[in-house]
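Participant: So here's run_17.txt, just compact mmCIF, N, CA and C atoms:
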# COMPACT_ATOMS: atom_id res chain seq x y z
N MET A 20 34.47 75.39 171.93
CA MET A 20 35.84 75.49 171.50
C MET A 20 35.98 74.68 170.22
N SER A 21 36.65 75.23 169.23
CA SER A 21 36.88 74.49 167.99
C SER A 21 38.37 74.25 167.80
N TYR A 22 38.67 73.18 167.13
CA TYR A 22 40.05 72.81 166.85
C TYR A 22 40.23 72.77 165.35
N SER A 23 41.32 73.33 164.88
CA SER A 23 41.61 73.18 163.46
C SER A 23 42.53 71.98 163.30
N HIS A 24 42.23 71.19 162.33
CA HIS A 24 43.01 69.98 162.09
C HIS A 24 43.96 70.21 160.92
N SER A 25 45.22 70.04 161.18
CA SER A 25 46.25 70.21 160.16
C SER A 25 46.80 68.84 159.79
N PRO A 26 47.17 68.62 158.52
CA PRO A 26 47.76 67.33 158.15
C PRO A 26 49.12 67.13 158.81
N PHE A 27 49.65 68.14 159.47
CA PHE A 27 50.96 68.03 160.11
C PHE A 27 50.85 67.85 161.62
N SER A 28 49.66 67.64 162.13
CA SER A 28 49.48 67.45 163.56
C SER A 28 48.88 66.08 163.83
N PRO A 29 49.06 65.53 165.04
CA PRO A 29 48.47 64.25 165.36
C PRO A 29 46.95 64.23 165.19
N LEU A 30 46.30 65.35 165.46
CA LEU A 30 44.85 65.41 165.31
C LEU A 30 44.42 65.34 163.86
N GLY A 31 45.29 65.72 162.96
CA GLY A 31 44.95 65.72 161.54
C GLY A 31 45.19 64.38 160.88
N GLY A 32 45.71 63.40 161.59
CA GLY A 32 45.94 62.08 161.02
C GLY A 32 47.33 61.94 160.44
N ALA A 33 47.49 60.91 159.67
CA ALA A 33 48.79 60.55 159.13
C ALA A 33 49.23 61.53 158.05
N ARG A 34 50.54 61.66 157.93
CA ARG A 34 51.12 62.46 156.85
C ARG A 34 52.34 61.71 156.32
N LEU A 35 52.81 62.12 155.16
CA LEU A 35 54.00 61.53 154.58
C LEU A 35 55.21 61.91 155.43
N LEU A 36 55.89 60.89 155.95
CA LEU A 36 57.08 61.12 156.78
C LEU A 36 58.38 60.94 156.01
N GLY A 37 58.35 60.10 154.99
CA GLY A 37 59.56 59.85 154.21
C GLY A 37 59.25 59.04 152.98
N LYS A 38 60.17 59.08 152.02
CA LYS A 38 59.98 58.29 150.79
C LYS A 38 61.33 57.92 150.21
N LEU A 39 61.31 56.84 149.48
CA LEU A 39 62.48 56.38 148.74
C LEU A 39 62.00 56.11 147.32
N LEU A 40 62.39 56.98 146.40
CA LEU A 40 62.00 56.83 145.01
C LEU A 40 63.01 55.97 144.29
N ALA A 41 62.54 55.12 143.41
CA ALA A 41 63.37 54.22 142.61
C ALA A 41 64.23 53.31 143.49
N ALA A 42 63.62 52.74 144.53
CA ALA A 42 64.34 51.77 145.36
C ALA A 42 64.76 50.60 144.48
N ASN A 43 65.98 50.14 144.67
CA ASN A 43 66.51 49.04 143.87
C ASN A 43 65.97 47.72 144.42
N MET A 44 65.07 47.10 143.68
CA MET A 44 64.44 45.85 144.10
C MET A 44 65.28 44.63 143.73
N ASN A 45 66.46 44.86 143.17
CA ASN A 45 67.36 43.77 142.83
C ASN A 45 68.63 43.83 143.67
N SER A 46 68.55 44.42 144.85
CA SER A 46 69.70 44.56 145.74
C SER A 46 69.29 44.19 147.16
N THR A 47 70.19 43.52 147.86
CA THR A 47 69.95 43.21 149.27
C THR A 47 70.69 44.19 150.18
N ALA A 48 71.26 45.22 149.61
CA ALA A 48 71.97 46.25 150.39
C ALA A 48 70.97 47.16 151.09
N ASP A 49 71.42 47.82 152.16
CA ASP A 49 70.60 48.80 152.86
C ASP A 49 70.33 49.99 151.95
N GLN A 50 69.08 50.48 151.96
CA GLN A 50 68.70 51.67 151.23
C GLN A 50 68.01 52.61 152.22
N ALA A 51 68.65 53.74 152.47
CA ALA A 51 68.18 54.67 153.51
C ALA A 51 66.92 55.41 153.09
N ILE A 52 66.01 55.55 154.06
CA ILE A 52 64.81 56.35 153.89
C ILE A 52 64.85 57.41 155.00
N LEU A 53 65.05 58.66 154.62
CA LEU A 53 65.08 59.74 155.60
C LEU A 53 63.68 60.04 156.09
N ILE A 54 63.53 60.16 157.41
CA ILE A 54 62.24 60.42 158.03
C ILE A 54 62.21 61.86 158.53
N ASN A 55 61.17 62.58 158.13
CA ASN A 55 61.03 63.99 158.48
C ASN A 55 60.22 64.15 159.76
N SER A 56 60.71 63.57 160.84
CA SER A 56 60.08 63.70 162.15
C SER A 56 61.04 63.13 163.18
N ALA A 57 61.02 63.67 164.36
CA ALA A 57 61.87 63.18 165.44
C ALA A 57 61.08 62.36 166.46
N ASN A 58 59.75 62.31 166.29
CA ASN A 58 58.90 61.57 167.21
C ASN A 58 57.61 61.24 166.46
N TYR A 59 57.40 59.97 166.15
CA TYR A 59 56.29 59.60 165.28
C TYR A 59 55.82 58.17 165.56
N ARG A 60 54.66 57.86 165.00
CA ARG A 60 54.13 56.50 165.01
C ARG A 60 53.79 56.15 163.57
N LEU A 61 54.32 55.03 163.10
CA LEU A 61 54.04 54.60 161.72
C LEU A 61 52.60 54.13 161.60
N THR A 62 51.96 54.49 160.50
CA THR A 62 50.60 54.04 160.27
C THR A 62 50.44 53.31 158.94
N LYS A 63 51.33 53.57 157.99
CA LYS A 63 51.16 52.96 156.68
C LYS A 63 52.47 53.04 155.90
N VAL A 64 52.77 51.98 155.16
CA VAL A 64 53.89 51.98 154.23
C VAL A 64 53.35 51.47 152.90
N VAL A 65 53.52 52.26 151.85
CA VAL A 65 53.00 51.93 150.53
C VAL A 65 54.15 51.80 149.54
N VAL A 66 54.10 50.75 148.72
CA VAL A 66 55.05 50.59 147.62
C VAL A 66 54.23 50.64 146.33
N ARG A 67 54.73 51.41 145.37
CA ARG A 67 54.02 51.57 144.09
C ARG A 67 55.00 51.90 142.98
N ASN A 68 54.49 52.05 141.78
CA ASN A 68 55.26 52.50 140.64
C ASN A 68 56.45 51.58 140.34
N VAL A 69 56.20 50.27 140.30
CA VAL A 69 57.28 49.33 139.99
C VAL A 69 57.62 49.40 138.51
N SER A 70 58.88 49.15 138.21
CA SER A 70 59.34 49.21 136.82
C SER A 70 59.07 47.92 136.07
N THR A 71 58.81 46.84 136.82
CA THR A 71 58.51 45.54 136.22
C THR A 71 57.76 44.72 137.25
N SER A 72 57.11 43.66 136.82
CA SER A 72 56.40 42.79 137.75
C SER A 72 57.38 42.15 138.73
N LEU A 73 57.08 42.28 140.02
CA LEU A 73 57.97 41.73 141.05
C LEU A 73 57.51 40.31 141.40
N THR A 74 58.36 39.34 141.16
CA THR A 74 57.99 37.95 141.40
C THR A 74 58.78 37.32 142.53
N LEU A 75 59.99 37.79 142.79
CA LEU A 75 60.84 37.17 143.79
C LEU A 75 61.17 38.07 144.98
N ALA A 76 61.13 39.35 144.81
CA ALA A 76 61.58 40.29 145.85
C ALA A 76 60.84 40.08 147.17
N ALA A 77 61.61 40.04 148.24
CA ALA A 77 61.06 39.93 149.60
C ALA A 77 62.01 40.63 150.56
N GLY A 78 61.47 41.27 151.56
CA GLY A 78 62.32 41.94 152.54
C GLY A 78 61.58 43.02 153.29
N GLY A 79 62.26 43.62 154.24
CA GLY A 79 61.60 44.54 155.16
C GLY A 79 62.23 45.90 155.29
N ILE A 80 61.80 46.59 156.32
CA ILE A 80 62.30 47.92 156.67
C ILE A 80 62.73 47.85 158.13
N TYR A 81 63.92 48.36 158.40
CA TYR A 81 64.56 48.20 159.70
C TYR A 81 64.98 49.54 160.28
N THR A 82 65.21 49.54 161.60
CA THR A 82 65.59 50.77 162.29
C THR A 82 67.09 51.03 162.25
N THR A 83 67.90 50.03 161.93
CA THR A 83 69.34 50.22 161.78
C THR A 83 69.83 49.44 160.56
N THR A 84 71.05 49.67 160.18
CA THR A 84 71.63 49.01 159.01
C THR A 84 71.81 47.52 159.25
N SER A 85 72.10 46.81 158.17
CA SER A 85 72.38 45.37 158.19
C SER A 85 71.22 44.57 158.79
N LYS A 86 70.00 45.01 158.50
CA LYS A 86 68.79 44.35 158.97
C LYS A 86 68.76 44.25 160.50
N GLY A 87 69.28 45.30 161.14
CA GLY A 87 69.37 45.32 162.59
C GLY A 87 68.31 46.15 163.25
N GLY A 88 68.43 46.23 164.56
CA GLY A 88 67.44 46.99 165.34
C GLY A 88 66.10 46.30 165.29
N SER A 89 65.05 47.07 165.16
CA SER A 89 63.69 46.52 165.06
C SER A 89 63.27 46.47 163.60
N ALA A 90 62.57 45.42 163.24
CA ALA A 90 61.97 45.34 161.90
C ALA A 90 60.60 45.99 161.98
N VAL A 91 60.42 47.12 161.31
CA VAL A 91 59.10 47.76 161.29
C VAL A 91 58.23 47.16 160.19
N VAL A 92 58.85 46.58 159.18
CA VAL A 92 58.20 45.72 158.19
C VAL A 92 59.06 44.47 158.14
N ALA A 93 58.45 43.32 158.31
CA ALA A 93 59.19 42.06 158.47
C ALA A 93 59.93 41.63 157.20
N ALA A 94 60.99 40.86 157.42
CA ALA A 94 61.80 40.32 156.32
C ALA A 94 60.99 39.44 155.39
N ALA A 95 59.90 38.87 155.86
CA ALA A 95 59.07 37.97 155.06
C ALA A 95 58.12 38.71 154.11
N GLN A 96 58.12 40.04 154.14
CA GLN A 96 57.22 40.81 153.27
C GLN A 96 57.52 40.51 151.81
N VAL A 97 56.50 40.12 151.06
CA VAL A 97 56.66 39.85 149.62
C VAL A 97 56.02 40.97 148.82
N TYR A 98 56.49 41.13 147.60
CA TYR A 98 56.05 42.23 146.73
C TYR A 98 55.41 41.71 145.45
N SER A 99 55.08 40.43 145.41
CA SER A 99 54.58 39.79 144.20
C SER A 99 53.24 40.35 143.73
N GLY A 100 52.51 41.04 144.58
CA GLY A 100 51.26 41.68 144.16
C GLY A 100 51.49 42.88 143.26
N LEU A 101 52.73 43.32 143.18
CA LEU A 101 53.07 44.47 142.33
C LEU A 101 53.45 43.97 140.95
N THR A 102 52.45 43.90 140.07
CA THR A 102 52.65 43.34 138.75
C THR A 102 52.84 44.39 137.66
N GLY A 103 52.72 45.66 138.03
CA GLY A 103 52.90 46.73 137.05
C GLY A 103 52.86 48.09 137.73
N ALA A 104 53.19 49.12 136.97
CA ALA A 104 53.33 50.48 137.50
C ALA A 104 52.03 51.04 138.07
N THR A 105 50.88 50.50 137.70
CA THR A 105 49.61 51.02 138.20
C THR A 105 49.15 50.32 139.48
N LYS A 106 49.92 49.39 139.98
CA LYS A 106 49.57 48.66 141.21
C LYS A 106 50.22 49.32 142.42
N ALA A 107 49.58 49.19 143.59
CA ALA A 107 50.13 49.67 144.85
C ALA A 107 49.93 48.58 145.90
N LEU A 108 50.84 48.53 146.87
CA LEU A 108 50.78 47.52 147.92
C LEU A 108 51.01 48.18 149.27
N ASP A 109 50.07 47.97 150.20
CA ASP A 109 50.26 48.41 151.58
C ASP A 109 51.03 47.30 152.30
N LEU A 110 52.21 47.63 152.81
CA LEU A 110 53.02 46.64 153.50
C LEU A 110 52.47 46.36 154.89
N THR A 111 52.77 45.18 155.41
CA THR A 111 52.34 44.81 156.75
C THR A 111 53.33 45.39 157.75
N ILE A 112 52.86 46.28 158.59
CA ILE A 112 53.72 46.91 159.60
C ILE A 112 53.75 46.00 160.82
N ALA A 113 54.95 45.70 161.29
CA ALA A 113 55.12 44.88 162.49
C ALA A 113 54.55 45.61 163.70
N ALA A 114 54.18 44.86 164.72
CA ALA A 114 53.60 45.46 165.93
C ALA A 114 54.48 46.57 166.49
N VAL A 115 55.79 46.37 166.50
CA VAL A 115 56.70 47.39 167.03
C VAL A 115 56.65 48.65 166.17
N GLY A 116 56.29 48.52 164.93
CA GLY A 116 56.24 49.67 164.04
C GLY A 116 55.07 50.59 164.29
N ASN A 117 53.89 50.01 164.52
CA ASN A 117 52.73 50.90 164.66
C ASN A 117 52.21 51.06 166.08
N THR A 118 52.81 50.38 167.07
CA THR A 118 52.39 50.61 168.45
C THR A 118 53.41 51.43 169.23
N ASP A 119 54.67 51.36 168.84
CA ASP A 119 55.72 52.08 169.55
C ASP A 119 55.97 53.44 168.90
N MET A 120 56.23 54.43 169.73
CA MET A 120 56.66 55.72 169.22
C MET A 120 58.08 55.54 168.67
N ARG A 121 58.35 56.12 167.52
CA ARG A 121 59.65 55.98 166.86
C ARG A 121 60.39 57.31 166.92
N THR A 122 61.71 57.23 166.99
CA THR A 122 62.54 58.44 166.99
C THR A 122 63.65 58.38 165.95
N GLU A 123 63.74 57.28 165.21
CA GLU A 123 64.79 57.16 164.19
C GLU A 123 64.54 58.16 163.06
N THR A 124 65.56 58.89 162.67
CA THR A 124 65.41 59.83 161.56
C THR A 124 65.79 59.20 160.23
N THR A 125 66.24 57.95 160.28
CA THR A 125 66.49 57.17 159.07
C THR A 125 66.02 55.75 159.32
N LEU A 126 65.25 55.21 158.36
CA LEU A 126 64.89 53.80 158.35
C LEU A 126 65.58 53.18 157.14
N TYR A 127 65.71 51.85 157.14
CA TYR A 127 66.47 51.18 156.08
C TYR A 127 65.65 50.09 155.43
N PHE A 128 65.41 50.26 154.13
CA PHE A 128 64.77 49.24 153.32
C PHE A 128 65.85 48.25 152.92
N SER A 129 65.62 46.97 153.17
CA SER A 129 66.64 45.98 152.86
C SER A 129 65.96 44.66 152.50
N LEU A 130 66.17 44.22 151.28
CA LEU A 130 65.58 42.96 150.83
C LEU A 130 66.39 41.78 151.34
N THR A 131 65.71 40.70 151.67
CA THR A 131 66.38 39.44 151.98
C THR A 131 66.52 38.59 150.72
N THR A 132 65.60 38.79 149.78
CA THR A 132 65.66 38.12 148.47
C THR A 132 65.51 39.19 147.40
N ALA A 133 66.50 39.29 146.53
CA ALA A 133 66.46 40.27 145.44
C ALA A 133 65.54 39.76 144.32
N GLN A 134 65.09 40.66 143.48
CA GLN A 134 64.19 40.32 142.38
C GLN A 134 64.83 39.36 141.37
N GLY A 135 66.12 39.47 141.15
CA GLY A 135 66.78 38.60 140.17
C GLY A 135 66.96 39.25 138.81
N GLY A 136 66.60 40.49 138.69
CA GLY A 136 66.76 41.27 137.46
C GLY A 136 66.47 42.72 137.80
N ALA A 137 66.82 43.61 136.90
CA ALA A 137 66.64 45.04 137.15
C ALA A 137 65.18 45.36 137.48
N ALA A 138 64.97 46.08 138.60
CA ALA A 138 63.62 46.47 139.02
C ALA A 138 63.72 47.60 140.03
N THR A 139 62.79 48.53 139.95
CA THR A 139 62.72 49.62 140.92
C THR A 139 61.27 49.78 141.40
N ALA A 140 61.13 50.48 142.53
CA ALA A 140 59.80 50.79 143.08
C ALA A 140 59.94 52.02 143.96
N ASP A 141 58.82 52.71 144.17
CA ASP A 141 58.78 53.86 145.07
C ASP A 141 58.15 53.44 146.39
N ILE A 142 58.77 53.87 147.51
CA ILE A 142 58.30 53.51 148.85
C ILE A 142 57.92 54.80 149.58
N TYR A 143 56.72 54.81 150.17
CA TYR A 143 56.21 55.96 150.91
C TYR A 143 55.88 55.53 152.33
N ILE A 144 56.39 56.28 153.33
CA ILE A 144 56.14 55.98 154.73
C ILE A 144 55.27 57.08 155.33
N TYR A 145 54.14 56.67 155.91
CA TYR A 145 53.19 57.59 156.51
C TYR A 145 53.11 57.35 158.01
N GLY A 146 52.80 58.39 158.75
CA GLY A 146 52.63 58.23 160.18
C GLY A 146 52.10 59.49 160.82
N GLU A 147 51.89 59.37 162.12
CA GLU A 147 51.45 60.51 162.92
C GLU A 147 52.70 61.17 163.51
N ASP A 148 52.84 62.46 163.24
CA ASP A 148 54.01 63.22 163.67
C ASP A 148 53.72 63.89 165.01
N TYR A 149 54.52 63.56 166.02
CA TYR A 149 54.35 64.15 167.34
C TYR A 149 55.53 65.05 167.73
N SER A 150 56.37 65.40 166.76
CA SER A 150 57.54 66.23 167.09
C SER A 150 57.20 67.71 167.00
So that I can check it, write out the structure of this file as structure tokens.
Facilitator:
Amino acid sequence: MSYSHSPFSPLGGARLLGKLLAANMNSTADQAILINSANYRLTKVVVRNVSTSLTLAAGGIYTTTSKGGSAVVAAAQVYSGLTGATKALDLTIAAVGNTDMRTETTLYFSLTTAQGGAATADIYIYGEDYS
């Protein structure tokens, strides 16, 4: 028996579940990331394409607004490794993020410390889709 592996099935591995382009890295407000799955497990979150070197920005990704619910990426996450548009950073996913099945169709990027000047970045969320 043979199985075909599709990038959209659990057997095919992770796929892009959602993205936030030009996330405002100088704001502590909630920024919604729509997730294209109703049942998934997070495997990777990548930030790239920064508009300027990030020196102060810190914050996480949450399951509800106002930094509520579960933090799938912790508030202590720093972005200082992103020194230019050609750099990429794999964020640290909290245990609840990559061990628990998720059903939220929106996650919220929310900084605890803003950059202190105009800055943007692109955020990509990957996972195994079981819906």
Participant: For Tyr81 (chain A), please output as a PyMOL selection string all residues within 12 Å (counting only C-alpha atoms; exclusion window: fewer than 3 positions along the same chain).
Facilitator: chain A and resi 49-52+78+84-94+112-113+115-116+121+123-131
Participant: Leaving out region 66-69 of chain A and any residue of its chain fewer than 4 positions from it, which residues lie within 7 Å of it when counting all atoms listed in the file, given as a tab-separated table (two decimals) with N, CA and C atoms, in the coordinates of the input?
Facilitator:
chain	number	residue	atom	x	y	z
A	101	LEU	N	52.73	43.32	143.18
A	101	LEU	CA	53.07	44.47	142.33
A	101	LEU	C	53.45	43.97	140.95
A	102	THR	N	52.45	43.90	140.07
A	102	THR	CA	52.65	43.34	138.75
A	102	THR	C	52.84	44.39	137.66
A	103	GLY	N	52.72	45.66	138.03
A	103	GLY	CA	52.90	46.73	137.05
A	103	GLY	C	52.86	48.09	137.73
A	104	ALA	N	53.19	49.12	136.97
A	104	ALA	CA	53.33	50.48	137.50
A	104	ALA	C	52.03	51.04	138.07
A	105	THR	N	50.88	50.50	137.70
A	105	THR	CA	49.61	51.02	138.20
A	105	THR	C	49.15	50.32	139.48
A	106	LYS	N	49.92	49.39	139.98
A	106	LYS	CA	49.57	48.66	141.21
A	106	LYS	C	50.22	49.32	142.42
A	107	ALA	N	49.58	49.19	143.59
A	107	ALA	CA	50.13	49.67	144.85
A	107	ALA	C	49.93	48.58	145.90
A	108	LEU	N	50.84	48.53	146.87
A	108	LEU	CA	50.78	47.52	147.92
A	108	LEU	C	51.01	48.18	149.27
A	109	ASP	N	50.07	47.97	150.20
A	109	ASP	CA	50.26	48.41	151.58
A	109	ASP	C	51.03	47.30	152.30
A	110	LEU	N	52.21	47.63	152.81
A	110	LEU	CA	53.02	46.64	153.50
A	110	LEU	C	52.47	46.36	154.89
A	138	ALA	N	64.97	46.08	138.60
A	138	ALA	CA	63.62	46.47	139.02
A	138	ALA	C	63.72	47.60	140.03
A	139	THR	N	62.79	48.53	139.95
A	139	THR	CA	62.72	49.62	140.92
A	139	THR	C	61.27	49.78	141.40
A	140	ALA	N	61.13	50.48	142.53
A	140	ALA	CA	59.80	50.79	143.08
A	140	ALA	C	59.94	52.02	143.96
A	141	ASP	N	58.82	52.71	144.17
A	141	ASP	CA	58.78	53.86	145.07
A	141	ASP	C	58.15	53.44	146.39
A	142	ILE	N	58.77	53.87	147.51
A	142	ILE	CA	58.30	53.51	148.85
A	142	ILE	C	57.92	54.80	149.58
A	143	TYR	N	56.72	54.81	150.17
A	143	TYR	CA	56.21	55.96	150.91
A	143	TYR	C	55.88	55.53	152.33
Participant: Expressed in Å to a single decimal, how great is the separation between atom N of Ala114 (chain A) and CA of Gly135 (chain A)?
Facilitator: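 Value for the atom N of Ala114 (chain A)-CA of Gly135 (chain A) distance: 28.3 Å.
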Participant: Fewer than 4 positions away in the same chain doesn't count, so skip those; otherwise give me all residues within 8 Å of Leu35 (chain A), counting only N, CA and C atoms, as JSON, numbers by chain.
Facilitator: {"A": [26, 27, 54, 55, 56, 143, 144, 145, 146, 147]}
Participant: How far is it from CA of Ser46 (chain A) to CA of Ala133 (chain A), in Å with one decimal?
Facilitator: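 These atoms are spaced 5.4 Å apart.
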Participant: Region 86-150 of chain A: which residues are strand (DSSP E or B) by DSSP, as a ChimeraX atom specification?
Facilitator: /A:87-92,97,107-109,112,121,125-132,139-148
Participant: How many Å separate atom N of Gln96 (chain A) from CA of Tyr59 (chain A)?
Facilitator: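 Straight-line distance from atom N of Gln96 (chain A) to CA of Tyr59 (chain A) works out to 22.6 Å.
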Participant: Looking at only C-alpha atoms, which of A:Ala41, A:Val65, A:Leu73, A:Ala137 is the one that sits closest to Ser99 (chain A)?
Facilitator: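 Smallest separation from Ser99 (chain A) among the options: A:Leu73.
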Participant: Which residue gives the smallest distance to Met44 (chain A) among A:Ala57, A:Ala77, A:Met120, A:Ala95, with only C-alpha atoms counted?
Facilitator: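 When distances to Met44 (chain A) are compared using only C-alpha atoms, the smallest one comes from A:Ala77.
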Participant: Looking only at alpha helix (DSSP H) from DSSP on the backbone, list the matching residues of chain A as JSON, numbers by chain.
Facilitator: {"A": [114, 115, 116, 117, 118]}
Participant: Need to verify the contact set: Asn58 (chain A), 5 Å, all atoms listed in the file, exclusion of same-chain residues closer than 6 positions in sequence. Can you return it as a ChimeraX atom specification?
Facilitator: /A:121-122,148-150
Participant: Hey, which of A:Gly136, A:Asn45, A:Val64, A:Gly100 ends up closest to Ile80 (chain A)? Count only C-alpha atoms.
Facilitator: A:Val64
